[in-house]
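Q: Dropping in target09.pdb, which is PDB, C-alpha atoms:
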MODEL        1
ATOM      1  CA  ARG Z 260     -13.447 -87.430-177.951
ATOM      2  CA  GLY Z 261     -16.858 -88.594-179.114
ATOM      3  CA  CYS Z 262     -19.453 -86.907-181.293
ATOM      4  CA  VAL Z 263     -22.330 -85.113-179.552
ATOM      5  CA  PRO Z 264     -25.426 -83.495-181.079
ATOM      6  CA  VAL Z 265     -25.652 -79.717-181.235
ATOM      7  CA  ARG Z 266     -27.952 -78.149-178.669
ATOM      8  CA  ALA Z 267     -31.470 -76.941-179.276
ATOM      9  CA  GLY Z 268     -31.394 -73.430-180.738
ATOM     10  CA  THR Z 269     -28.280 -74.223-182.746
ATOM     11  CA  TYR Z 270     -27.319 -76.143-185.868
ATOM     12  CA  SER Z 271     -24.198 -77.881-187.075
ATOM     13  CA  ARG Z 272     -22.070 -76.129-189.699
ATOM     14  CA  ASP Z 273     -18.662 -77.458-190.783
ATOM     15  CA  GLU Z 274     -18.647 -79.583-187.615
ATOM     16  CA  ARG Z 275     -19.217 -76.481-185.475
ATOM     17  CA  GLU Z 276     -22.216 -75.487-183.381
ATOM     18  CA  GLU Z 277     -23.746 -72.220-184.620
ATOM     19  CA  PRO Z 278     -26.749 -70.402-183.098
ATOM     20  CA  CYS Z 279     -29.836 -70.004-185.226
ATOM     21  CA  LEU Z 280     -30.159 -66.515-186.653
ATOM     22  CA  PRO Z 281     -33.005 -64.235-185.477
ATOM     23  CA  GLY Z 282     -36.202 -65.326-187.226
ATOM     24  CA  TYR Z 283     -35.147 -68.989-187.190
ATOM     25  CA  VAL Z 284     -35.380 -71.751-184.565
ATOM     26  CA  ALA Z 285     -34.172 -75.258-183.789
ATOM     27  CA  PRO Z 286     -36.610 -76.800-181.319
ATOM     28  CA  ALA Z 287     -34.625 -79.985-180.671
ATOM     29  CA  PRO Z 288     -30.939 -80.951-180.401
ATOM     30  CA  GLY Z 289     -29.092 -82.329-183.406
ATOM     31  CA  ALA Z 290     -30.371 -79.956-186.097
ATOM     32  CA  ASN Z 291     -28.366 -79.390-189.263
ATOM     33  CA  THR Z 292     -30.573 -76.451-190.305
ATOM     34  CA  CYS Z 293     -32.775 -73.950-188.520
ATOM     35  CA  ALA Z 294     -36.435 -73.544-189.466
ATOM     36  CA  PRO Z 295     -37.924 -70.119-190.232
ATOM     37  CA  CYS Z 296     -40.716 -68.796-188.064
ATOM     38  CA  VAL Z 297     -43.996 -68.906-189.943
ATOM     39  CA  ALA Z 298     -45.998 -65.774-190.678
ATOM     40  CA  GLY Z 299     -47.561 -64.352-187.532
ATOM     41  CA  SER Z 300     -44.608 -65.373-185.345
ATOM     42  CA  VAL Z 301     -41.007 -64.249-184.779
ATOM     43  CA  ALA Z 302     -37.754 -65.188-183.072
ATOM     44  CA  VAL Z 303     -36.167 -62.011-181.745
ATOM     45  CA  ALA Z 304     -32.811 -63.245-180.468
ATOM     46  CA  PRO Z 305     -30.238 -65.668-181.909
ATOM     47  CA  GLY Z 306     -30.333 -69.246-180.657
ATOM     48  CA  ALA Z 307     -34.091 -69.462-180.206
ATOM     49  CA  VAL Z 308     -35.741 -72.815-179.680
ATOM     50  CA  GLU Z 309     -39.295 -71.661-180.484
ATOM     51  CA  CYS Z 310     -41.065 -68.838-182.258
ATOM     52  CA  GLU Z 311     -43.223 -66.320-180.387
ATOM     53  CA  LEU Z 312     -46.620 -65.234-181.680
ATOM     54  CA  CYS Z 313     -47.023 -61.569-182.516
ATOM     55  CA  GLN Z 314     -49.092 -59.848-179.845
ATOM     56  CA  PRO Z 315     -52.427 -58.152-180.602
ATOM     57  CA  GLY Z 316     -51.823 -54.877-182.408
ATOM     58  CA  THR Z 317     -48.827 -56.308-184.276
ATOM     59  CA  PHE Z 318     -48.251 -58.678-187.195
ATOM     60  CA  ALA Z 319     -45.668 -60.514-189.270
ATOM     61  CA  ASP Z 320     -46.643 -61.021-192.900
ATOM     62  CA  GLY Z 321     -43.828 -63.334-193.928
ATOM     63  CA  TRP Z 322     -41.579 -66.185-192.800
ATOM     64  CA  GLY Z 323     -38.254 -65.795-190.970
ATOM     65  CA  PHE Z 324     -39.068 -62.476-189.311
ATOM     66  CA  SER Z 325     -37.249 -61.330-186.175
ATOM     67  CA  GLU Z 326     -39.670 -58.521-185.247
ATOM     68  CA  CYS Z 327     -43.424 -58.002-185.355
ATOM     69  CA  ARG Z 328     -44.587 -54.791-186.987
ATOM     70  CA  SER Z 329     -47.171 -52.490-185.418
ATOM     71  CA  CYS Z 330     -50.488 -51.900-187.159
ATOM     72  CA  GLU Z 331     -50.745 -48.474-188.768
ATOM     73  CA  LEU Z 332     -53.276 -45.805-187.877
ATOM     74  CA  GLY Z 333     -56.780 -46.819-188.902
ATOM     75  CA  ARG Z 334     -55.952 -50.538-188.661
ATOM     76  CA  PHE Z 335     -55.907 -53.156-185.912
ATOM     77  CA  ALA Z 336     -55.009 -56.752-185.099
ATOM     78  CA  GLY Z 337     -57.350 -58.190-182.503
ATOM     79  CA  THR Z 338     -55.668 -61.541-181.883
ATOM     80  CA  SER Z 339     -52.200 -62.974-181.363
ATOM     81  CA  GLY Z 340     -50.388 -64.416-184.368
ATOM     82  CA  ALA Z 341     -51.767 -61.964-186.929
ATOM     83  CA  THR Z 342     -50.309 -62.011-190.432
ATOM     84  CA  SER Z 343     -51.931 -58.687-191.364
ATOM     85  CA  CYS Z 344     -53.953 -55.879-189.831
ATOM     86  CA  ASP Z 345     -57.648 -55.343-190.444
ATOM     87  CA  ILE Z 346     -59.096 -51.995-191.489
ATOM     88  CA  CYS Z 347     -61.295 -50.114-189.041
ATOM     89  CA  ASP Z 348     -64.862 -50.498-190.315
ATOM     90  CA  PHE Z 349     -67.465 -47.815-190.966
ATOM     91  CA  GLY Z 350     -68.440 -46.198-187.673
ATOM     92  CA  TYR Z 351     -65.015 -46.803-186.122
ATOM     93  CA  TYR Z 352     -61.620 -45.105-186.197
ATOM     94  CA  GLY Z 353     -58.072 -46.041-185.227
ATOM     95  CA  PRO Z 354     -56.245 -43.143-183.555
ATOM     96  CA  SER Z 355     -53.113 -44.995-182.439
ATOM     97  CA  VAL Z 356     -50.375 -47.188-183.868
ATOM     98  CA  GLY Z 357     -50.324 -50.805-182.705
ATOM     99  CA  ALA Z 358     -54.021 -50.981-181.854
ATOM    100  CA  SER Z 359     -55.749 -54.233-180.935
ATOM    101  CA  GLU Z 360     -59.192 -52.716-181.567
ATOM    102  CA  CYS Z 361     -60.764 -49.655-183.162
ATOM    103  CA  VAL Z 362     -62.665 -46.942-181.313
ATOM    104  CA  ARG Z 363     -66.391 -46.774-181.971
ATOM    105  CA  CYS Z 364     -68.022 -43.471-182.882
ATOM    106  CA  PRO Z 365     -70.546 -42.075-180.390
ATOM    107  CA  SER Z 366     -74.116 -43.315-180.647
ATOM    108  CA  GLY Z 367     -75.911 -42.011-183.733
ATOM    109  CA  MET Z 368     -72.684 -41.232-185.574
ATOM    110  CA  VAL Z 369     -70.865 -42.960-188.438
ATOM    111  CA  THR Z 370     -67.803 -42.488-190.603
ATOM    112  CA  LEU Z 371     -68.079 -41.898-194.340
ATOM    113  CA  ARG Z 372     -65.037 -44.062-195.072
ATOM    114  CA  MET Z 373     -63.236 -47.035-193.590
ATOM    115  CA  ALA Z 374     -59.773 -46.820-191.986
ATOM    116  CA  GLU Z 375     -60.419 -43.426-190.421
ATOM    117  CA  THR Z 376     -57.839 -42.279-187.868
ATOM    118  CA  ASN Z 377     -59.472 -39.469-185.898
ATOM    119  CA  ALA Z 378     -62.638 -38.841-183.892
ATOM    120  CA  THR Z 379     -63.371 -35.858-186.142
ATOM    121  CA  ALA Z 380     -64.274 -38.379-188.871
ATOM    122  CA  CYS Z 381     -67.395 -39.333-186.877
ATOM    123  CA  VAL Z 382     -70.419 -37.551-188.353
ATOM    124  CA  CYS Z 383     -74.184 -37.736-187.935
ATOM    125  CA  GLN Z 384     -75.777 -40.768-189.561
ATOM    126  CA  GLU Z 385     -78.304 -40.435-192.371
ATOM    127  CA  GLY Z 386     -81.572 -38.924-191.170
ATOM    128  CA  SER Z 387     -79.949 -36.571-188.676
ATOM    129  CA  TYR Z 388     -77.795 -33.443-188.657
ATOM    130  CA  MET Z 389     -75.411 -31.507-186.440
ATOM    131  CA  ALA Z 390     -76.209 -27.946-185.484
ATOM    132  CA  GLY Z 391     -72.667 -26.857-184.573
ATOM    133  CA  PRO Z 392     -69.401 -27.781-182.890
ATOM    134  CA  ASP Z 393     -69.730 -30.066-179.863
ATOM    135  CA  ALA Z 394     -73.448 -30.482-180.579
ATOM    136  CA  SER Z 395     -75.281 -33.789-180.687
ATOM    137  CA  CYS Z 396     -77.054 -35.169-183.735
ATOM    138  CA  LEU Z 397     -80.667 -34.036-184.141
ATOM    139  CA  PRO Z 398     -83.466 -35.686-186.132
ATOM    140  CA  CYS Z 399     -83.919 -34.340-189.642
ATOM    141  CA  PRO Z 400     -86.909 -31.955-189.801
ATOM    142  CA  SER Z 401     -90.070 -33.109-191.546
ATOM    143  CA  GLY Z 402     -90.001 -32.187-195.218
ATOM    144  CA  MET Z 403     -86.208 -32.451-195.380
ATOM    145  CA  ARG Z 404     -83.674 -35.187-195.960
ATOM    146  CA  CYS Z 405     -80.331 -35.319-194.218
ATOM    147  CA  PRO Z 406     -77.557 -37.327-195.893
ATOM    148  CA  ALA Z 407     -74.928 -38.855-193.635
ATOM    149  CA  GLY Z 408     -72.579 -36.146-192.415
ATOM    150  CA  SER Z 409     -75.147 -33.344-192.568
ATOM    151  CA  ASP Z 410     -74.000 -30.282-190.646
ATOM    152  CA  LEU Z 411     -75.449 -26.770-190.585
ATOM    153  CA  ARG Z 412     -71.909 -25.409-190.848
ATOM    154  CA  HIS Z 413     -71.801 -26.811-194.384
ATOM    155  CA  LEU Z 414     -74.775 -24.742-195.570
ATOM    156  CA  PRO Z 415     -73.942 -22.464-198.519
ATOM    157  CA  GLY Z 416     -73.020 -19.037-197.221
ATOM    158  CA  SER Z 417     -72.241 -20.224-193.690
ATOM    159  CA  PRO Z 418     -68.951 -18.995-192.171
ATOM    160  CA  GLY Z 419     -66.275 -21.497-193.089
ATOM    161  CA  SER Z 420     -68.704 -23.573-195.134
ATOM    162  CA  SER Z 421     -67.220 -26.504-197.016
ATOM    163  CA  ASN Z 422     -68.333 -29.109-199.511
ATOM    164  CA  GLY Z 423     -69.766 -31.332-196.778
ATOM    165  CA  ALA Z 424     -73.364 -32.514-196.589
ATOM    166  CA  TYR Z 425     -76.185 -30.441-195.116
ATOM    167  CA  PRO Z 426     -79.976 -30.803-194.716
ATOM    168  CA  LEU Z 427     -81.809 -30.622-198.049
ATOM    169  CA  VAL Z 428     -85.440 -29.789-198.710
ATOM    170  CA  GLU Z 429     -87.721 -32.452-200.173
ATOM    171  CA  PRO Z 430     -89.638 -31.694-203.407
ATOM    172  CA  GLN Z 431     -92.772 -29.543-202.926
ATOM    173  CA  HIS Z 432     -91.134 -27.913-199.910
ATOM    174  CA  MET Z 433     -88.839 -24.933-199.415
ATOM    175  CA  THR Z 434     -86.983 -23.007-196.720
ATOM    176  CA  LEU Z 435     -85.804 -19.435-196.640
ATOM    177  CA  SER Z 436     -82.073 -18.740-196.607
ATOM    178  CA  GLY Z 437     -82.327 -16.949-193.269
ATOM    179  CA  ASP Z 438     -84.149 -19.825-191.587
ATOM    180  CA  PRO Z 439     -82.965 -22.990-193.372
ATOM    181  CA  LEU Z 440     -84.689 -25.467-191.045
ATOM    182  CA  ARG Z 441     -88.192 -23.965-191.071
ATOM    183  CA  VAL Z 442     -89.912 -25.917-193.813
ATOM    184  CA  TYR Z 443     -92.855 -24.632-195.860
ATOM    185  CA  ARG Z 444     -95.033 -26.874-198.006
ATOM    186  CA  CYS Z 445     -95.603 -25.417-201.460
ATOM    187  CA  LEU Z 446     -99.031 -25.169-203.078
ATOM    188  CA  LEU Z 447     -97.860 -26.777-206.307
ATOM    189  CA  PRO Z 448     -95.017 -29.290-206.736
ATOM    190  CA  SER Z 449     -93.843 -27.382-209.800
ATOM    191  CA  HIS Z 450     -93.092 -24.317-207.668
ATOM    192  CA  CYS Z 451     -90.602 -26.047-205.384
ATOM    193  CA  PRO Z 452     -88.110 -28.641-206.732
ATOM    194  CA  GLY Z 453     -86.434 -29.091-203.346
ATOM    195  CA  GLY Z 454     -82.714 -29.039-202.603
ATOM    196  CA  PRO Z 455     -80.714 -26.291-200.845
ATOM    197  CA  PRO Z 456     -82.399 -23.476-198.911
ATOM    198  CA  ALA Z 457     -84.193 -20.798-200.949
ATOM    199  CA  THR Z 458     -84.638 -23.030-203.991
ATOM    200  CA  CYS Z 459     -87.626 -22.309-206.242
ATOM    201  CA  SER Z 460     -88.476 -23.152-209.809
ATOM    202  CA  PRO Z 461     -87.203 -20.626-212.402
ATOM    203  CA  TYR Z 462     -88.528 -17.072-212.133
ATOM    204  CA  ARG Z 463     -90.201 -17.623-208.757
ATOM    205  CA  ASP Z 464     -89.236 -15.398-205.820
ATOM    206  CA  THR Z 465     -86.885 -17.294-203.468
ATOM    207  CA  THR Z 466     -87.403 -14.746-200.681
ATOM    208  CA  THR Z 467     -91.116 -15.459-200.290
ATOM    209  CA  VAL Z 468     -92.673 -18.295-198.312
ATOM    210  CA  ALA Z 469     -93.294 -21.431-200.401
ATOM    211  CA  CYS Z 470     -92.061 -19.696-203.562
ATOM    212  CA  GLY Z 471     -95.502 -18.111-203.595
ATOM    213  CA  ILE Z 472     -95.005 -15.318-206.127
ATOM    214  CA  CYS Z 473     -93.047 -14.609-209.278
ATOM    215  CA  GLN Z 474     -89.860 -12.614-209.009
ATOM    216  CA  ASP Z 475     -89.627  -9.068-210.375
ATOM    217  CA  GLY Z 476     -89.747  -9.082-214.145
ATOM    218  CA  ALA Z 477     -91.874 -12.241-214.363
ATOM    219  CA  TYR Z 478     -95.603 -12.968-214.148
ATOM    220  CA  GLU Z 479     -97.914 -15.897-213.432
ATOM    221  CA  ALA Z 480     -98.919 -17.512-216.723
TER     222      ALA Z 480
ENDMDL
END
What does this structure look like when you write it as structure tokens?

A:
Amino acid sequence: RGCVPVRAGTYSRDEREEPCLPGYVAPAPGANTCAPCVAGSVAVAPGAVECELCQPGTFADGWGFSECRSCELGRFAGTSGATSCDICDFGYYGPSVGASECVRCPSGMVTLRMAETNATACVCQEGSYMAGPDASCLPCPSGMRCPAGSDLRHLPGSPGSSNGAYPLVEPQHMTLSGDPLRVYRCLLPSHCPGGPPATCSPYRDTTTVACGICQDGAYEA
């Protein structure tokens, strides 16, 4: 009997032919060792002759892997052979595991953080506000400023109000608590510092238009 080289996908060990373990390959006959698959590729079964690239939405971040891992929520891998997953950028979210791309927020909306996982993270961009559930973003009224994420449901005193952003009044303007989007320009800048609805300088009546009079117990000096 003569000597013959071991087949591709195997290696010689103690004069025996052994299949390469998962994660390792022998592309050509006659190998005495198997080579590990590089990061971004895998060999799933024993006896492989070549590594397979991880498909979009999956990755392998080390050598000698037998399985690609799926990207987590809020992350994606857009190409084959990924060694890691990218984070969904501002204005996008990743609602599913193993995503090859992130979902873009509707027009005029952004996210306040990266790697968001749900459509509810999409909020109105700076300079606009949302008037209620399922509403579209509206331009910020003149005399007000609307930080990103402004929502009338966040106004102080609103049912279920939270710590989220809401439209704020610019200095020398004010709104009444019962009509927080109707803006009045104040006669003097010192009367109206701006901010939340019904904000006046100290001792001025917050229930009157443009903080026009002093509150009870105070007088105009």

Q: Since I can't run it myself right now, could you work out what the PyMOL selection byres ((chain Z and resi 357) around 7) selects here and report it as a PyMOL selection string?

A: chain Z and resi 316-317+329-331+335+355-356+358-359

Q: Within 12 Å of (-95.6, -18.6, -203.7) in the file's own coordinates, which protein, DNA or RNA residues have an atom, counting all atoms listed in the file? List them as a VMD selection string.

A: chain Z and resid 431 to 434 443 to 451 457 to 460 462 to 474 478 to 479

Q: I need the output of the PyMOL selection byres ((chain Z and resi 383-390) around 7) for this file as an mmCIF file with C-alpha atoms, in the coordinates of the input; which residues are they?

A:
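This went into part-v3.cif:
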data_model
loop_
_atom_site.group_PDB
_atom_site.id
_atom_site.type_symbol
_atom_site.label_atom_id
_atom_site.label_comp_id
_atom_site.auth_asym_id
_atom_site.auth_seq_id
_atom_site.Cartn_x
_atom_site.Cartn_y
_atom_site.Cartn_z
ATOM 1 C CA GLY Z 367 -75.911 -42.011 -183.733
ATOM 2 C CA MET Z 368 -72.684 -41.232 -185.574
ATOM 3 C CA VAL Z 369 -70.865 -42.960 -188.438
ATOM 4 C CA VAL Z 382 -70.419 -37.551 -188.353
ATOM 5 C CA GLY Z 391 -72.667 -26.857 -184.573
ATOM 6 C CA ALA Z 394 -73.448 -30.482 -180.579
ATOM 7 C CA SER Z 395 -75.281 -33.789 -180.687
ATOM 8 C CA CYS Z 396 -77.054 -35.169 -183.735
ATOM 9 C CA LEU Z 397 -80.667 -34.036 -184.141
ATOM 10 C CA PRO Z 398 -83.466 -35.686 -186.132
ATOM 11 C CA CYS Z 399 -83.919 -34.340 -189.642
ATOM 12 C CA ARG Z 404 -83.674 -35.187 -195.960
ATOM 13 C CA CYS Z 405 -80.331 -35.319 -194.218
ATOM 14 C CA PRO Z 406 -77.557 -37.327 -195.893
ATOM 15 C CA ALA Z 407 -74.928 -38.855 -193.635
ATOM 16 C CA GLY Z 408 -72.579 -36.146 -192.415
ATOM 17 C CA SER Z 409 -75.147 -33.344 -192.568
ATOM 18 C CA ASP Z 410 -74.000 -30.282 -190.646
ATOM 19 C CA LEU Z 411 -75.449 -26.770 -190.585
ATOM 20 C CA PRO Z 426 -79.976 -30.803 -194.716
#

Q: Calculate how many Å separate atom CA of Phe349 of chain Z from atom CA of Ala374 of chain Z, rounding to one decimal.

A: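 Between atom CA of Phe349 of chain Z and atom CA of Ala374 of chain Z the gap works out to 7.8 Å.
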
Q: Which residues would end up in the selection if the PyMOL selection byres ((chain Z and resi 304) around 8) were applied here, given that I need the answer as a list in words?

A: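 Written out, the selection comes to Leu280, Pro281, Gly282, Ala302, Val303, Pro305, Gly306, Ala307 and Ser325 of chain Z.
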
Q: Restricting the calculation to all atoms listed in the file, which member of Z:Arg372, Z:His413, Z:Arg441, Z:Arg328 is positioned closest to Cys347 of chain Z?

A: Z:Arg372

Q: What is the distance between atom CA of Val308 of chain Z and atom CA of Arg272 of chain Z, in Å to one decimal?

A: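 Atom-to-atom, atom CA of Val308 of chain Z to atom CA of Arg272 of chain Z, that is 17.3 Å.
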